[in-house]
>>> print(open('structure30.csv').read())   # CSV, C-alpha atoms
chain,number,residue,atom,x,y,z
A,1,MET,CA,38.6,71.6,-12.4
A,2,LYS,CA,41.2,70.3,-14.8
A,3,PHE,CA,44.8,70.1,-13.7
A,4,ASN,CA,47.2,71.3,-16.3
A,5,GLY,CA,50.4,73.1,-15.5
A,6,ILE,CA,52.8,73.8,-12.6
A,7,TYR,CA,51.3,74.0,-9.1
A,8,THR,CA,53.7,75.1,-6.4
A,9,ALA,CA,53.5,73.3,-3.0
A,10,LEU,CA,54.1,76.4,-1.0
A,11,ILE,CA,56.5,76.6,1.9
A,12,THR,CA,55.6,78.5,5.1
A,13,PRO,CA,58.3,81.0,5.9
A,14,PHE,CA,59.1,81.4,9.6
A,15,ASN,CA,60.8,84.1,11.6
A,16,GLN,CA,63.6,83.0,13.9
A,17,ASP,CA,61.1,82.7,16.7
A,18,PHE,CA,59.1,80.3,14.5
A,19,THR,CA,56.2,82.7,14.0
A,20,ILE,CA,54.9,83.0,10.5
A,21,ASN,CA,56.8,85.5,8.4
A,22,GLU,CA,53.9,87.1,6.5
A,23,ASN,CA,56.0,89.6,4.6
A,24,ALA,CA,58.2,86.9,3.2
A,25,TYR,CA,55.1,84.8,2.4
A,26,ALA,CA,53.7,87.7,0.4
A,27,ILE,CA,57.0,88.3,-1.5
A,28,LEU,CA,57.3,84.6,-2.3
A,29,ILE,CA,53.7,84.4,-3.7
A,30,ASP,CA,54.2,87.4,-5.9
A,31,LYS,CA,57.5,86.0,-7.1
A,32,ILE,CA,56.3,82.6,-8.2
A,33,ILE,CA,53.1,84.1,-9.8
A,34,ALA,CA,55.3,86.5,-11.8
A,35,GLU,CA,57.4,83.6,-12.9
A,36,GLY,CA,54.3,81.9,-14.3
A,37,VAL,CA,53.1,79.1,-12.1
A,38,HIS,CA,49.5,78.0,-12.7
A,39,GLY,CA,48.5,77.3,-9.2
A,40,ILE,CA,49.5,77.3,-5.5
A,41,VAL,CA,48.9,74.5,-3.0
A,42,VAL,CA,48.8,75.9,0.6
A,43,ALA,CA,49.1,73.9,3.7
A,44,GLY,CA,50.6,70.7,2.3
A,45,SER,CA,53.5,68.8,3.8
A,46,THR,CA,56.0,71.1,2.1
A,47,GLY,CA,54.3,73.9,4.0
A,48,GLU,CA,55.0,72.1,7.3
A,49,ASN,CA,51.2,71.6,7.9
A,50,TYR,CA,52.0,68.9,10.5
A,51,SER,CA,53.7,71.4,12.7
A,52,GLN,CA,51.0,74.0,12.7
A,53,THR,CA,47.9,74.5,14.9
A,54,LEU,CA,44.5,74.5,13.4
A,55,GLU,CA,44.2,78.2,14.1
A,56,GLU,CA,47.5,78.9,12.3
A,57,ARG,CA,46.3,76.9,9.3
A,58,ILE,CA,43.0,78.8,9.1
A,59,HIS,CA,44.9,82.0,9.4
A,60,LEU,CA,47.2,81.0,6.5
A,61,ILE,CA,44.1,80.1,4.4
A,62,ASN,CA,42.7,83.5,4.9
A,63,LEU,CA,46.0,85.2,4.2
A,64,SER,CA,46.7,83.1,1.1
A,65,ALA,CA,43.3,84.0,-0.4
A,66,LYS,CA,43.9,87.7,0.2
A,67,LEU,CA,47.5,87.6,-1.3
A,68,ILE,CA,46.8,85.4,-4.3
A,69,ASN,CA,43.5,87.2,-5.0
A,70,LYS,CA,42.4,84.8,-7.8
A,71,ARG,CA,45.5,85.5,-9.9
A,72,VAL,CA,46.2,81.7,-10.1
A,73,LYS,CA,44.4,78.6,-8.8
A,74,LEU,CA,44.4,78.2,-5.1
A,75,ILE,CA,44.3,74.6,-3.6
A,76,ILE,CA,44.0,74.2,0.2
A,77,GLY,CA,45.5,71.2,1.9
A,78,THR,CA,43.3,69.5,4.5
A,79,GLY,CA,45.7,66.7,5.5
A,80,GLY,CA,48.4,66.3,8.1
A,81,VAL,CA,45.9,66.1,10.9
A,82,LEU,CA,44.7,63.2,13.0
A,83,ARG,CA,41.0,64.1,13.3
A,84,ILE,CA,38.7,64.1,10.4
A,85,GLU,CA,36.8,66.9,12.1
A,86,ASP,CA,39.9,69.1,11.6
A,87,SER,CA,40.1,68.2,7.9
A,88,ILE,CA,36.5,69.1,7.5
A,89,ALA,CA,37.0,72.5,9.3
A,90,LEU,CA,39.8,73.3,6.9
A,91,GLY,CA,37.7,72.2,3.9
A,92,LYS,CA,34.9,74.4,5.1
A,93,LYS,CA,37.3,77.4,5.4
A,94,ALA,CA,38.5,76.7,1.9
A,95,LYS,CA,34.9,76.8,0.7
A,96,GLU,CA,34.3,80.1,2.6
A,97,ILE,CA,37.2,81.8,0.9
A,98,ARG,CA,36.2,80.4,-2.5
A,99,ALA,CA,39.3,78.3,-3.1
A,100,ASP,CA,39.5,76.5,-6.4
A,101,ALA,CA,40.0,73.0,-4.8
A,102,ILE,CA,41.1,71.2,-1.7
A,103,MET,CA,43.7,68.5,-1.3
A,104,ILE,CA,42.9,65.4,0.6
A,105,SER,CA,45.6,63.0,1.9
A,106,SER,CA,45.2,59.8,3.9
A,107,PRO,CA,45.2,60.4,7.7
A,108,PRO,CA,48.5,59.7,9.4
A,109,TYR,CA,49.2,57.1,12.0
A,110,SER,CA,45.7,55.5,12.2
A,111,VAL,CA,46.4,53.3,9.1
A,112,PRO,CA,42.7,52.9,7.9
A,113,THR,CA,41.6,50.2,5.5
A,114,SER,CA,41.0,51.3,1.9
A,115,LYS,CA,37.2,51.4,2.6
A,116,GLU,CA,37.6,53.3,5.8
A,117,ASN,CA,40.0,55.8,4.1
A,118,ALA,CA,37.6,56.3,1.2
A,119,LEU,CA,34.6,56.9,3.4
A,120,SER,CA,36.7,59.5,5.3
A,121,SER,CA,37.5,61.2,2.1
A,122,LEU,CA,33.8,61.1,1.0
A,123,ALA,CA,32.8,62.7,4.3
A,124,ILE,CA,35.2,65.6,3.7
A,125,ASP,CA,33.8,65.9,0.1
A,126,LYS,CA,30.2,66.0,1.4
A,127,ALA,CA,31.1,68.7,3.9
A,128,THR,CA,32.9,70.9,1.4
A,129,ASN,CA,31.6,70.2,-2.1
A,130,LEU,CA,34.7,71.5,-3.9
A,131,PRO,CA,37.0,70.0,-6.5
A,132,ILE,CA,39.4,67.6,-4.9
A,133,LEU,CA,43.1,66.9,-5.5
A,134,LEU,CA,44.0,63.6,-3.8
A,135,TYR,CA,47.5,63.2,-2.4
A,136,ASN,CA,48.8,59.7,-2.4
A,137,TYR,CA,51.9,59.6,-0.3
A,138,PRO,CA,52.1,56.2,1.5
A,139,GLY,CA,55.7,56.9,2.5
A,140,ARG,CA,54.3,59.4,5.0
A,141,THR,CA,50.9,58.0,5.8
A,142,SER,CA,51.5,54.2,5.5
A,143,VAL,CA,48.3,54.0,3.4
A,144,ASN,CA,48.1,53.6,-0.4
A,145,MET,CA,45.2,54.9,-2.4
A,146,ASP,CA,44.6,51.6,-4.1
A,147,LYS,CA,42.0,50.3,-6.5
A,148,GLU,CA,39.4,49.8,-3.8
A,149,TYR,CA,39.8,53.3,-2.5
A,150,LEU,CA,39.7,54.9,-6.0
A,151,ASP,CA,36.7,52.9,-7.0
A,152,ILE,CA,34.7,54.1,-4.0
A,153,ILE,CA,35.7,57.7,-4.2
A,154,SER,CA,34.9,57.8,-7.9
A,155,GLU,CA,31.3,57.8,-7.0
A,156,SER,CA,31.8,61.6,-6.5
A,157,LYS,CA,32.7,63.7,-9.5
A,158,ASN,CA,34.5,66.2,-7.2
A,159,PHE,CA,37.6,63.8,-7.1
A,160,CYS,CA,39.2,65.2,-10.2
A,161,ALA,CA,42.9,64.7,-9.7
A,162,ILE,CA,45.6,62.8,-7.8
A,163,LYS,CA,49.0,63.9,-6.8
A,164,GLU,CA,50.9,60.6,-7.0
A,165,SER,CA,53.9,60.5,-4.7
A,166,SER,CA,54.2,56.8,-4.1
A,167,GLY,CA,57.4,56.5,-6.1
A,168,GLU,CA,56.0,53.4,-7.9
A,169,ILE,CA,56.5,54.0,-11.6
A,170,SER,CA,53.9,51.3,-12.4
A,171,ARG,CA,51.2,53.6,-10.8
A,172,ILE,CA,51.5,56.0,-13.7
A,173,GLU,CA,50.2,53.5,-16.2
A,174,PHE,CA,47.7,52.1,-13.7
A,175,LEU,CA,46.1,55.4,-13.0
A,176,MET,CA,46.1,56.7,-16.6
A,177,ASN,CA,44.6,53.5,-18.0
A,178,ASN,CA,41.9,52.9,-15.3
A,179,TYR,CA,40.9,56.3,-13.9
A,180,SER,CA,40.4,58.7,-16.8
A,181,ASN,CA,38.0,60.6,-14.5
A,182,ILE,CA,41.0,61.6,-12.3
A,183,ASP,CA,43.8,63.8,-13.8
A,184,LEU,CA,47.2,62.5,-12.9
A,185,CYS,CA,49.6,65.0,-11.3
A,186,CYS,CA,53.2,64.2,-10.8
A,187,GLY,CA,54.0,64.3,-7.1
A,188,MET,CA,57.5,62.7,-7.2
A,189,ASP,CA,60.0,65.3,-8.3
A,190,ASP,CA,62.7,62.9,-9.5
A,191,GLN,CA,60.1,61.1,-11.8
A,192,ALA,CA,58.6,64.2,-13.5
A,193,PHE,CA,59.9,63.5,-16.9
A,194,ASP,CA,58.5,59.9,-16.7
A,195,PHE,CA,55.1,61.4,-15.9
A,196,PHE,CA,55.2,63.8,-18.7
A,197,LYS,CA,56.3,61.2,-21.3
A,198,ALA,CA,53.3,59.1,-20.2
A,199,GLY,CA,50.9,61.9,-21.0
A,200,CYS,CA,50.6,63.6,-17.6
A,201,LYS,CA,49.9,67.3,-17.9
A,202,SER,CA,50.6,68.7,-14.4
A,203,TRP,CA,53.2,68.7,-11.7
A,204,VAL,CA,52.6,69.6,-8.0
A,205,CYS,CA,56.1,70.5,-7.1
A,206,ALA,CA,58.1,72.1,-4.3
A,207,GLY,CA,61.2,73.1,-6.2
A,208,SER,CA,59.1,75.7,-8.0
A,209,ASN,CA,59.3,77.7,-4.8
A,210,PHE,CA,62.7,78.8,-6.0
A,211,SER,CA,63.1,77.4,-9.6
A,212,ALA,CA,59.7,78.0,-11.2
A,213,ILE,CA,61.2,79.0,-14.5
A,214,ALA,CA,62.9,75.6,-15.0
A,215,HIS,CA,59.8,73.7,-14.0
A,216,ILE,CA,57.7,75.7,-16.4
A,217,LYS,CA,60.2,75.2,-19.2
A,218,LEU,CA,60.0,71.4,-18.7
A,219,TRP,CA,56.2,71.5,-18.7
A,220,LYS,CA,56.0,73.6,-21.8
A,221,ALA,CA,58.4,71.4,-23.7
A,222,CYS,CA,56.6,68.2,-22.9
A,223,VAL,CA,52.9,69.3,-22.6
A,224,ILE,CA,52.6,72.3,-24.9
A,225,GLU,CA,55.3,71.8,-27.5
A,226,LYS,CA,55.4,68.0,-27.2
A,227,ASP,CA,59.1,68.3,-27.9
A,228,PHE,CA,60.5,65.5,-25.8
A,229,LYS,CA,64.0,66.0,-27.2
A,230,LYS,CA,64.0,69.5,-25.8
A,231,GLY,CA,62.3,68.1,-22.7
A,232,GLN,CA,65.1,65.6,-22.2
A,233,SER,CA,67.6,68.4,-22.3
A,234,VAL,CA,65.7,70.4,-19.7
A,235,TRP,CA,65.3,67.3,-17.6
A,236,ASP,CA,69.0,66.4,-17.8
A,237,ALA,CA,69.7,69.9,-16.4
A,238,MET,CA,67.1,69.5,-13.6
A,239,LYS,CA,67.6,65.9,-12.6
A,240,PRO,CA,70.6,66.4,-10.2
A,241,LEU,CA,68.4,68.9,-8.2
A,242,MET,CA,65.4,66.6,-8.2
A,243,ILE,CA,67.5,63.6,-7.0
A,244,ASN,CA,69.0,65.8,-4.3
A,245,LEU,CA,65.6,66.9,-3.1
A,246,GLU,CA,63.8,63.5,-3.2
A,247,GLN,CA,66.7,61.3,-2.1
A,248,GLY,CA,68.8,63.6,0.0
A,249,GLY,CA,66.7,63.1,3.2
A,250,LYS,CA,66.2,66.8,3.9
A,251,PHE,CA,63.5,67.9,1.6
A,252,ILE,CA,61.8,70.8,3.3
A,253,GLN,CA,65.1,72.2,4.6
A,254,SER,CA,66.5,72.1,1.0
A,255,ILE,CA,63.4,73.8,-0.4
A,256,LYS,CA,63.7,76.5,2.2
A,257,TYR,CA,67.3,77.1,1.5
A,258,GLY,CA,66.6,77.3,-2.2
A,259,VAL,CA,64.1,80.1,-1.4
A,260,ASP,CA,66.8,81.8,0.8
A,261,LEU,CA,69.0,81.9,-2.2
A,262,LYS,CA,66.4,83.9,-4.0
A,263,ASP,CA,66.8,86.6,-1.3
A,264,ILE,CA,63.5,85.7,0.3
A,265,GLU,CA,63.7,84.8,4.0
A,266,ALA,CA,62.3,81.3,4.3
A,267,GLY,CA,63.5,81.0,7.8
A,268,PRO,CA,64.2,77.7,9.7
A,269,PRO,CA,62.0,74.6,9.6
A,270,ARG,CA,60.0,73.9,12.7
A,271,SER,CA,61.0,71.2,15.2
A,272,PRO,CA,62.0,68.3,14.9
A,273,LEU,CA,63.7,69.3,11.7
A,274,LEU,CA,67.0,71.2,11.7
A,275,PRO,CA,68.4,73.5,9.0
A,276,LEU,CA,71.0,72.3,6.5
A,277,ASP,CA,74.6,72.4,7.6
A,278,GLU,CA,77.2,74.5,5.7
A,279,LYS,CA,78.4,71.6,3.5
A,280,GLU,CA,74.8,70.7,2.6
A,281,LYS,CA,74.0,74.4,1.8
A,282,ASN,CA,77.1,74.7,-0.4
A,283,ASP,CA,76.4,71.4,-2.3
A,284,LEU,CA,72.8,72.5,-2.9
A,285,LYS,CA,73.8,75.9,-4.1
A,286,ASN,CA,76.3,74.5,-6.6
A,287,ILE,CA,73.6,72.1,-7.9
A,288,ILE,CA,71.1,74.9,-8.3
A,289,ASN,CA,73.6,77.2,-10.0
A,290,GLU,CA,74.7,74.5,-12.4
A,291,MET,CA,71.1,73.7,-13.3
A,292,ASN,CA,70.3,77.4,-13.9
A,293,ASN,CA,73.3,77.8,-16.2
A,294,LYS,CA,72.3,74.8,-18.3
A,295,ILE,CA,68.6,75.8,-18.4
A,296,ASN,CA,69.5,79.3,-19.6
A,297,GLN,CA,71.3,77.8,-22.6
A,298,ILE,CA,68.2,75.9,-23.8
A,299,ASP,CA,66.0,77.9,-26.2
>>> encode(input="structure30.csv", output="structure tokens")
Amino acid sequence: MKFNGIYTALITPFNQDFTINENAYAILIDKIIAEGVHGIVVAGSTGENYSQTLEERIHLINLSAKLINKRVKLIIGTGGVLRIEDSIALGKKAKEIRADAIMISSPPYSVPTSKENALSSLAIDKATNLPILLYNYPGRTSVNMDKEYLDIISESKNFCAIKESSGEISRIEFLMNNYSNIDLCCGMDDQAFDFFKAGCKSWVCAGSNFSAIAHIKLWKACVIEKDFKKGQSVWDAMKPLMINLEQGGKFIQSIKYGVDLKDIEAGPPRSPLLPLDEKEKNDLKNIINEMNNKINQID
């Protein structure tokens, strides 16, 4: 599978009692597909996978497959769990519902060596035999997918892309120059324009839950039209939002409130996270409105 386009890291809407709001989930999926996203990533950290039981995640996989119904690419997250057996179970479910790919992240808390981490990823690969999007987010897992890791997993052709969320700009050149077998996907929202200027063709993003049109406009300008002057204008409009999301300290809460502003009930985040306060909501709303006004003026 080649990664090219905008892939939404989907939220999980909750009711006020923290059960899954399946109606809002369906409305959100239809909305972002209509706005033109190329794929949907289910059960990533933006979807609050770490707060869900294995049974809830399997239910969401089944539900997502039914709702998306092959209209766009479906990638299933297998991370956010402590046991490799659970990751394998999620991967097998992804295989069963004929997902297009799975996403593998480093296991949290255990802090494996690069070799241990790679062998764990290969075990998931062997059990599922699906295209794999790696998710490198050492800020959450304390483990970096370094050269040793990437050399080992490259033995399998299923490892076809990496969502790079380390925040290290130097990783862009490192990955593009040394691992042509692995498509580079932007995973750090406030660095998206840097990724596209370097030749990256895809962005796995959370902001497209509520601002898919802006994200797609940036992707089209940079990847399809190769008009980086236009891309710079789009990015200038988007950057305040991207900085707010990545550096504001309340990422998931902000994404959910952005969805609320689209009249889709995202609901509260699960514990230990708390919703935005009124000032934070007002600040974010103003940033989004200003971005949309500027984006609408760009042909």
>>> residues_around(input="structure30.csv", residues="region 237-249 of chain A", least_positions_apart="5", cutoff="7 Å", atoms="all atoms listed in the file", output="VMD selection string")
chain A and resid 189 to 190 254 287 to 288 291 294 to 295
>>> write_last_selection(input="structure30.csv", atoms="C-alpha atoms", output="PDB file, in the coordinates of the input")
ATOM      1  CA  ASP A 189      60.000  65.300  -8.300  1.00  0.00           C
ATOM      2  CA  ASP A 190      62.700  62.900  -9.500  1.00  0.00           C
ATOM      3  CA  SER A 254      66.500  72.100   1.000  1.00  0.00           C
ATOM      4  CA  ILE A 287      73.600  72.100  -7.900  1.00  0.00           C
ATOM      5  CA  ILE A 288      71.100  74.900  -8.300  1.00  0.00           C
ATOM      6  CA  MET A 291      71.100  73.700 -13.300  1.00  0.00           C
ATOM      7  CA  LYS A 294      72.300  74.800 -18.300  1.00  0.00           C
ATOM      8  CA  ILE A 295      68.600  75.800 -18.400  1.00  0.00           C
TER       9      ILE A 295
END
>>> closest_residue(input="structure30.csv", among="A:Ser121, A:Ser64, A:Asn129, A:Thr8", to="Ala212 (chain A)", atoms="only C-alpha atoms")
A:Thr8
>>> closest_residue(input="structure30.csv", among="A:Leu284, A:Leu175, A:Ile224, A:Met188", to="Cys205 (chain A)", atoms="all atoms listed in the file")
A:Met188
>>> atom_distance(input="structure30.csv", atom1="CA of Ser180 (chain A)", atom2="CA of Arg71 (chain A)")
28.1 Å
>>> residues_around(input="structure30.csv", residues="Leu90 (chain A)", least_positions_apart="6", cutoff="10 Å", atoms="all atoms listed in the file", output="VMD selection string")
chain A and resid 43 54 to 55 57 to 58 61 76 to 79 84 96 102 124 128
>>> residues_around(input="structure30.csv", residues="Lys31 (chain A)", least_positions_apart="5", cutoff="10 Å", atoms="all atoms listed in the file", output="ChimeraX atom specification")
/A:25-26,36-37,209-210,212,262,264
>>> write_last_selection(input="structure30.csv", atoms="C-alpha atoms", output="compact mmCIF listing (two decimals), in the frame of the given file")
# COMPACT_ATOMS: atom_id res chain seq x y z
CA TYR A 25 55.10 84.80 2.40
CA ALA A 26 53.70 87.70 0.40
CA GLY A 36 54.30 81.90 -14.30
CA VAL A 37 53.10 79.10 -12.10
CA ASN A 209 59.30 77.70 -4.80
CA PHE A 210 62.70 78.80 -6.00
CA ALA A 212 59.70 78.00 -11.20
CA LYS A 262 66.40 83.90 -4.00
CA ILE A 264 63.50 85.70 0.30
>>> atom_distance(input="structure30.csv", atom1="CA of Asp236 (chain A)", atom2="CA of Ser170 (chain A)")
22.0 Å
>>> closest_residue(input="structure30.csv", among="A:Ile152, A:Met103, A:Ala127, A:Ile216", to="Ile6 (chain A)", atoms="all atoms listed in the file")
A:Ile216
>>> atom_distance(input="structure30.csv", atom1="CA of Ile169 (chain A)", atom2="CA of Cys200 (chain A)")
12.8 Å
>>> closest_residue(input="structure30.csv", among="A:Ile213, A:Leu130, A:Leu119, A:Leu184", to="Lys95 (chain A)", atoms="only C-alpha atoms")
A:Leu130
>>> closest_residue(input="structure30.csv", among="A:Ser154, A:Thr19, A:Gln191, A:Asn136", to="Tyr179 (chain A)", atoms="all atoms listed in the file")
A:Ser154
>>> residues_around(input="structure30.csv", residues="Ser51 (chain A)", least_positions_apart="6", cutoff="10 Å", atoms="all atoms listed in the file", output="PyMOL selection string")
chain A and resi 45+57+80-81+269-272
>>> residues_around(input="structure30.csv", residues="region 115-118 of chain A", least_positions_apart="2", cutoff="10 Å", atoms="all atoms listed in the file", output="list in words")
Ser105, Ser106, Pro107, Ser110, Val111, Pro112, Thr113, Ser120, Ser121, Leu122, Ala123, Ile124, Val143, Asn144, Met145, Asp146, Glu148, Tyr149, Leu150, Asp151, Ile152, Ile153 and Ser154 of chain A
